[in-house]
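Undergrad: File final-v3.txt below, compact mmCIF, C-alpha atoms:
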# COMPACT_ATOMS: atom_id res chain seq x y z
CA MET A 5 58.54 -48.32 -43.63
CA LEU A 6 57.63 -48.21 -47.30
CA LYS A 7 58.89 -50.89 -49.59
CA VAL A 8 58.52 -50.74 -53.36
CA GLU A 9 59.53 -53.65 -55.51
CA MET A 10 59.98 -53.43 -59.25
CA ARG A 11 57.21 -55.07 -61.25
CA ASP A 12 57.72 -57.07 -64.45
CA GLY A 13 58.28 -54.70 -67.36
CA GLU A 14 58.36 -51.61 -65.14
CA SER A 15 60.94 -48.95 -65.88
CA SER A 16 62.94 -47.21 -63.18
CA ASP A 17 61.04 -43.96 -63.89
CA GLN A 18 57.71 -45.69 -63.31
CA LEU A 19 59.05 -47.23 -60.11
CA LEU A 20 60.19 -43.82 -58.88
CA ASN A 21 56.81 -42.25 -59.73
CA ARG A 22 54.98 -45.02 -57.85
CA PHE A 23 57.27 -44.56 -54.84
CA THR A 24 56.74 -40.78 -54.87
CA LYS A 25 52.95 -41.20 -54.96
CA MET A 26 53.11 -43.60 -52.01
CA ILE A 27 55.13 -41.10 -49.98
CA GLN A 28 52.68 -38.30 -50.75
CA ARG A 29 49.68 -40.47 -49.95
CA ASP A 30 51.14 -41.49 -46.58
CA GLY A 31 52.02 -37.89 -45.68
CA ILE A 32 55.66 -38.68 -44.95
CA LEU A 33 57.07 -35.57 -46.65
CA ARG A 34 54.58 -33.33 -44.84
CA GLU A 35 55.64 -34.79 -41.51
CA VAL A 36 59.36 -34.43 -42.28
CA LYS A 37 58.89 -30.80 -43.27
CA SER A 38 56.90 -30.07 -40.11
CA ARG A 39 59.61 -31.61 -37.92
CA ARG A 40 62.39 -29.65 -39.62
CA HIS A 41 62.18 -26.88 -37.00
CA PHE A 42 61.08 -27.08 -33.39
CA ILE A 43 57.73 -25.41 -32.71
CA SER A 44 56.56 -25.10 -29.12
CA GLN A 45 53.12 -26.31 -28.04
CA GLY A 46 51.92 -22.74 -27.56
CA GLU A 47 53.03 -21.77 -31.06
CA GLN A 48 51.34 -24.86 -32.52
CA LEU A 49 48.12 -23.82 -30.77
CA ARG A 50 48.35 -20.27 -32.15
CA ILE A 51 48.97 -21.60 -35.67
CA ALA A 52 45.98 -23.94 -35.38
CA GLN A 53 43.77 -21.09 -34.16
CA ARG A 54 44.82 -18.86 -37.07
CA LYS A 55 44.09 -21.64 -39.55
CA ALA A 56 40.67 -22.28 -37.97
CA GLU A 57 39.82 -18.57 -38.14
CA ALA A 58 40.84 -18.44 -41.80
CA ARG A 59 38.61 -21.45 -42.52
CA ARG A 60 35.69 -19.76 -40.75
CA ARG A 61 36.21 -16.57 -42.77
CA ARG A 62 36.31 -18.51 -46.05
CA LYS A 63 33.17 -20.41 -45.08
CA MET A 64 31.34 -17.19 -44.25
CA ARG A 65 32.48 -15.58 -47.50
CA ARG A 66 31.07 -18.50 -49.51
CA ARG A 67 27.66 -18.15 -47.85
CA ASP A 68 27.26 -14.55 -49.05
Using structure tokens, write down the structure from this file.
TA:
Amino acid sequence: MLKVEMRDGESSDQLLNRFTKMIQRDGILREVKSRRHFISQGEQLRIAQRKAEARRRRKMRRRD
């Protein structure tokens, strides 16, 4: 659980920005978005394979 306490002289906007950066750094939003819909194990595997193939293609394209 993240906890952000207001520092001396810190505005509420600065506090909100600091909190948002902490959430992004910890990957909480990414995890929430990924859990929004159920994805079966087989589908997760197919997605991972497609991403790996795309990475391989990009890597090969850079070598040329």
Undergrad: Which one is closest to Leu19 (chain A): A:Arg61, A:Lys55, A:Lys7, A:Arg50? Count only C-alpha atoms.
TA: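 The answer is A:Lys7, which sits nearest to Leu19 (chain A).
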Undergrad: In Å, with one decimal, what is the gap from CA of Val8 (chain A) to CA of Ile27 (chain A)?
TA: 10.8 Å
Undergrad: Just the number, please: distance in Å from CA of Leu6 (chain A) to CA of Lys37 (chain A), one decimal.
TA: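 These atoms are spaced 17.9 Å apart.
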Undergrad: At what distance in Å, to one decimal, does CA of Thr24 (chain A) lie from CA of Arg11 (chain A)?
TA: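 According to the coordinates, CA of Arg11 (chain A) and CA of Thr24 (chain A) are separated by 15.7 Å.
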